[in-house]
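K.L.:
Before we start, here is the structure in question, set down as structure tokens.
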Amino acid sequence: EKTLPCRSVRIVAESFAIRGICLEKNLSTRHPKFKQSDAQEKIDKCMKVATDLTFLYLQELDEKNATSLNSNTGTLTAGGSIPGSYSPQPPSPGKLLGAEGWRDTGLILHQLLVRNQTSNIPSPNKALQPGQVQKLRYLLGAEESNGTQGIRLSLAKQLADLLLRGYVNGPLYQGIEGSKKKKDGAWKPKKYYSMNMFVPNNEHEETILLLLISEAMAVRNAVLSQSPEFKEQRLKAFETACNTYNLLIVCLARWGQTKLFHECLERGAIKFSFDEPHTWHQYALSLISIGEHVQAMRVMEEHYRLNPHAAAPCLLAARTCYVHLKDYELGIKWSQRACDGKEGSPYAVLSARSYMMLGIGYHLQALYGLDHSNRTKSSSLALEMLQKAQSMGPGDHLIHHYLALVYAHNRRLPEAISNIKQALNLRSDHAPSLHLLCLLLTAQKQYQEAMNLVNLSLEEWPDSMELMYLKSQLELHLNGPETAKLTASKMLMLWKKLYEDHASSGDDTAQSERRSESRSLFHLSENGSNTHSRVMNGGGPMSVSSVSSLPRKQIKGQHWDWLAKVWLLMAELCLHSKQREQALKCIEEAVQIHSTTPEVLTARGLISEMDGNYSEAKNCFEGAMSLDPNNLRALQQLAKAYLGLGKNKMAEFVLWKAAKLHPQEYETWYLLGMALELLGDHIASADCMVVALDVENSSPLVPFSSVGLAFE
Amino acid sequence: MGQDTVQEDYTSFARNLSEREDTATAIFRVLEDRIKYAECIEPVVGQLYSFYQSQNRSLQSYTLQFLPSLVFVCLNCVAHGDKQSCPTVETLLLGMYNQELLDKSGKPRVFNFRMPSLAQASVYHEPMSLAPASLTESALRRLEECNTHLVQKGPYQPEEKLIAQNRLPVISALMFLYNTQLSIIPDFASEFLCKAVSRLVTQGFSKQSSHQRSSYDSTLVPPTLPRIPVNSEFLLELLTAIHHALYTPYSSLATQSLDDVHFRASHELLTDVLLVTTALKNLLQSTVPMG
């Protein structure tokens, strides 16, 4: 082996290739069985040398072309392989088949390359050939040249696929020996080598690396032109790229790295996926998965245009509308589309779920819609849809749960209880159903039973903030504020525990959302860190400042909502035990998380009210109302403040509004009765009191709306 | 010395055992129909547990191959509301989980790896030819983090008993362990894996009569059976195992399981699982060969 001129390299390579092919032709006829393995070894060796030389030849050819091009014209490097640049014209057909170098290599070497490309394709039902992984690795280790681009894409995908299938993972995985130098010998091709190069340590690193490389190459090869003459090429390139993306998500999803997949799609696939439903489907789902809900809806719309029959994406869109965008109208529209979907799903239950989603939409509209006249209509529509869903898909605990919820909101307690019991029969440890059942028990004034149930539920769900919150409220009712405070401080500790868990699990969703919130937090931890922390005499081991040292980018919006909520609960409990100062500190904590929410302002108002400063209290409640005109608590408190200030007429006005919004709240009617009496309208007052008594009969301790939206 | 010979004995015992396909198949059958073989299940599961406690990797792998079936038994019992009927299975799962919490040096076991970035040269590429297209802000961040920020699973918390809250996380962690050993789990175990997965995700769902498929027995399951709760993490681990099974002689069963998981993910609206099932289904339909 000695250094040869470029032309000779080719000739020697061809010689070895032909020798190998001839030996192979002889294999079955000439040799007896026992000698075949020897012969096979010879063939493999010939082929290997031939391949090495071909790679070397192509690499040298590239170098020659580059220098001659540069000296002649001074333009960019040869071929259409300039990274990042894309021309509307697709490359020549040969390139896609991995034979761009056909005119460079000649037929013999071209066939050799194709042989290398296809002989390794793992097929189902076929055992892995020994050394296959090593062989693929060896071929991929050689530096890319224009002539080997196509084959490298194919080989990288094959190797990634093999690794992903788990044939060689875990105990059987053998690491890569990174080469120590650029070139091993005169007849070897140049290999990738640099000082700080990334050498995969395990199958996951290697798979992801290979797929990222394949993706970059597939995007480079993509055909953008939509003109009919390139159709076949375009489809082929698209499918190759599509396979790469499919493998990529199969690999990444398990590790919660959907964000990376989304970036790849957005950067590469979308530009050549015009009217391709599969890519748009994956794109929409990845957007939802990483919490980009607004954009996800736009992509969903596009996917719906391409594939209007799939129910699941519509349902996903509807859920996004309900939970994240709070756009109930739009959610109902999507649910309706899901109901109309005609996809031949083997299960009827999916259409049952579609109607359930529609029912949930109407229910939310009835709860939060601004137009009062439509609310009753929405509510009855919600019931109708849920009942339809129930008849279509019996045995679904979630449908029963929502039926119970709608009945509960309409104060039809017996129906609600019977439905919630069915839901729990179907899934005995469904946390939201347990929560609702507890509330229903309190509506029936069975507080002790509710307490027992909460405690039992907490045994199955010790980390449920919702249940803890309810427990604290129940304790306040049954045992007074001190016991409740203990539970509240447990919630703070629980929050810290959960939060740290999330910090370590390293999920990457909704990062932008988090960043904005964490910024305000970080900001405040700098100035006021020594307050609070010891608000509860030893009972409040936690404050915002003590958690803000945790990695900031892991903060999730929902978690912070909970922390604010717990601090406000604590404030309320302090007010109950007449600890004004502590309550104020708790509110401070909540303010640090969300400076202006209706809840914070309401809590502030309560303190002013306690001080007897009604006009200040009134300002707070009015502020809360301006943020959320439907906030019942603020409305009621505002009316109280008006009463305190002697503005009975104003109080009456506000209360009528509250009663219209939430006709099932006894406190509103009670206050209204008071106001009317002060105004001298005794008959109307008595009527209101009767209503109050009547409504109180079926009132839960905490509003039914505290049961969150569940989709599990 | 004594310890070593014991371990050697264990290993050769395990080797003999795993050569006997009929024994393993019999154990699978017992786990599949725990009502029929009610009197066998306790001793069998007990034996599997003592294998796992032996600290011998080969014996542990032997137990591990039954994991999907064991998981199904456990979850099915819970869904039926009779947690009492399979206490040994629960003990086995919990014991396996707690045993894997710490590594050999006694530190909490964490599985992690670096997220590769095209901006850094590797054994398979150099950034000049590929990376410029990917020089986005997040790509740069990833490069920065590549060697410091790790993608990881764990550490896991010890659990005293299985409750609603930790059941699926514990089982997912075990399935993750199962998946790390996919390469040494025998092919015939794939058959039982696929059956267990299909039953697990479709139990309690009745199919429309016009669309009955030739699935092995899910059409016979009356709709009154309880549905078994699942979550994303768990299904993703199951899919990894199914992906492996797709390329064994049981590929048609695996395809069926994939469809079943896809259906369940659509039903539960699990975005991440849907991404994977859609991708896998698309791969199977692909006309371009993998190469």
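For the structure tokens, the naming scheme is as follows: chains receive sequential letters (A, B, ...) according to their order of presentation, residues are indexed from 1 within each chain, and ligands are indexed from 1 in presentation order.
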Only residues of chain B matter here; which ones have an atom within 7 Å of chain A, counting only C-alpha atoms? Give them as a ChimeraX atom specification.
P.N.:
/B:113-116,120-125,129-130,132-133,163-165,180-183,206-208,211,226,236,243-244,247-249,266-269,271-272,275-276,279-280,283,288,290-291
K.L.:
Identify, on the basis of only C-alpha atoms, every residue whose closest approach to B:Pro158 does not exceed 9 Å; exclude the query and any residue fewer than 6 positions from it along the same chain; express the result as a list in words.
P.N.:
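After dropping sequence-adjacent residues, the list is Tyr97, Asn98 and Leu101 of chain B.
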K.L.:
List as a list in words the protein and nucleic acid residues near B:Ile242, meaning an atom at most 8 Å away when only C-alpha atoms are counted, but skip any in the same chain fewer than 4 places from it.
P.N.:
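In the requested form, the answer reads Ser190, Leu193, Cys194, Leu238, Leu246, Ala254, Ser257 and Leu258 of chain B.
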K.L.:
Can you pull out the residues contacting A:Ser685? Cut-off 8 Å, using only C-alpha atoms, and skip same-chain residues under 4 positions away; I want them as JSON, numbers by chain.
P.N.:
{"A": [672, 673, 674, 675, 676, 677, 681, 689]}
K.L.:
For atom CA of A:Glu415 and atom CA of A:Leu383, determine how far apart the two atoms are, in Å to one decimal place.
P.N.:
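Pair atom CA of A:Glu415 / atom CA of A:Leu383 returns 11.6 Å.
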K.L.:
As a list in words, please: all residues of stretch 37-153 of chain B that backbone DSSP puts in strand (DSSP E).
P.N.:
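Strand (DSSP E) members of stretch 37-153 of chain B, listed: Phe111, Asn112, Phe113, Arg114, Leu150, Val151, Gln152 and Lys153 of chain B.
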K.L.:
Those same residues - C-alpha atoms - I'd like them written as a PDB file, in the first residue's frame.
P.N.:
ATOM      1  CA  PHE B 111     -29.722   7.459  33.904  1.00  0.00           C
ATOM      2  CA  ASN B 112     -28.481  10.298  31.769  1.00  0.00           C
ATOM      3  CA  PHE B 113     -26.879  11.215  28.503  1.00  0.00           C
ATOM      4  CA  ARG B 114     -25.645  14.292  26.639  1.00  0.00           C
ATOM      5  CA  LEU B 150     -27.856  16.142  30.670  1.00  0.00           C
ATOM      6  CA  VAL B 151     -31.068  14.553  29.621  1.00  0.00           C
ATOM      7  CA  GLN B 152     -31.906  12.278  32.473  1.00  0.00           C
ATOM      8  CA  LYS B 153     -34.264   9.904  34.171  1.00  0.00           C
TER       9      LYS B 153
END
K.L.:
Which residue, B:Asp22, B:Asp187, B:Glu39, B:Glu159, has the smallest gap to B:Cys86 when you use only C-alpha atoms?
P.N.:
B:Glu39
K.L.:
Quick one: residues within 7 Å of B:Tyr52, only C-alpha atoms counted, chain neighbours fewer than 6 positions away excluded, as a count of residues only?
P.N.:
3
K.L.:
Residues within 10 Å of A:Leu632, please, as a PyMOL selection string. Count only C-alpha atoms; anything in the same chain fewer than 3 positions from it doesn't count.
P.N.:
chain A and resi 625+628-629+635-638+655+657-659+661-662+665+668
K.L.:
Please produce a file of the residues just selected, as an mmCIF file, in the first residue's frame, where the atoms kept are C-alpha atoms.
P.N.:
data_model
loop_
_atom_site.group_PDB
_atom_site.id
_atom_site.type_symbol
_atom_site.label_atom_id
_atom_site.label_comp_id
_atom_site.auth_asym_id
_atom_site.auth_seq_id
_atom_site.Cartn_x
_atom_site.Cartn_y
_atom_site.Cartn_z
ATOM 1 C CA MET A 625 -63.789 43.671 39.627
ATOM 2 C CA ASP A 628 -62.484 40.185 36.412
ATOM 3 C CA PRO A 629 -66.042 41.532 36.151
ATOM 4 C CA LEU A 635 -68.815 41.426 43.904
ATOM 5 C CA GLN A 636 -70.101 40.203 47.235
ATOM 6 C CA GLN A 637 -67.368 41.923 49.174
ATOM 7 C CA LEU A 638 -67.870 45.128 47.242
ATOM 8 C CA LEU A 655 -75.825 42.379 44.411
ATOM 9 C CA LYS A 657 -75.580 41.810 39.234
ATOM 10 C CA ALA A 658 -73.985 39.085 41.356
ATOM 11 C CA ALA A 659 -77.284 37.261 41.701
ATOM 12 C CA LEU A 661 -74.277 35.940 37.388
ATOM 13 C CA HIS A 662 -74.423 33.257 40.024
ATOM 14 C CA GLU A 665 -74.979 31.638 45.816
ATOM 15 C CA THR A 668 -75.501 37.048 47.570
#
K.L.:
Tell me, in Å to one decimal, how far atom CA of B:Thr240 is from atom CA of B:Ser172.
P.N.:
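Atom CA of B:Thr240 sits 11.6 Å away from atom CA of B:Ser172.
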K.L.:
For a test of reading the model, state the distance in Å between atom CA of A:Glu266 and atom CA of A:Ala318, rounded to one decimal.
P.N.:
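A separation of 23.1 Å between them.
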K.L.:
Smallest atom-to-atom distance to A:Gln387: which of A:Met570, A:Leu358, A:Ala366, A:Leu413, using only C-alpha atoms?
P.N.:
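The answer is A:Leu358, which sits nearest to A:Gln387.
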K.L.:
Run DSSP on the backbone and tell me which residues of stretch 274-380 of chain A come out as helix (DSSP H, G or I); list them as an NGL selection string.
P.N.:
:A and (277-290 or 293-306 or 311-325 or 328-340 or 349-368 or 372-380)
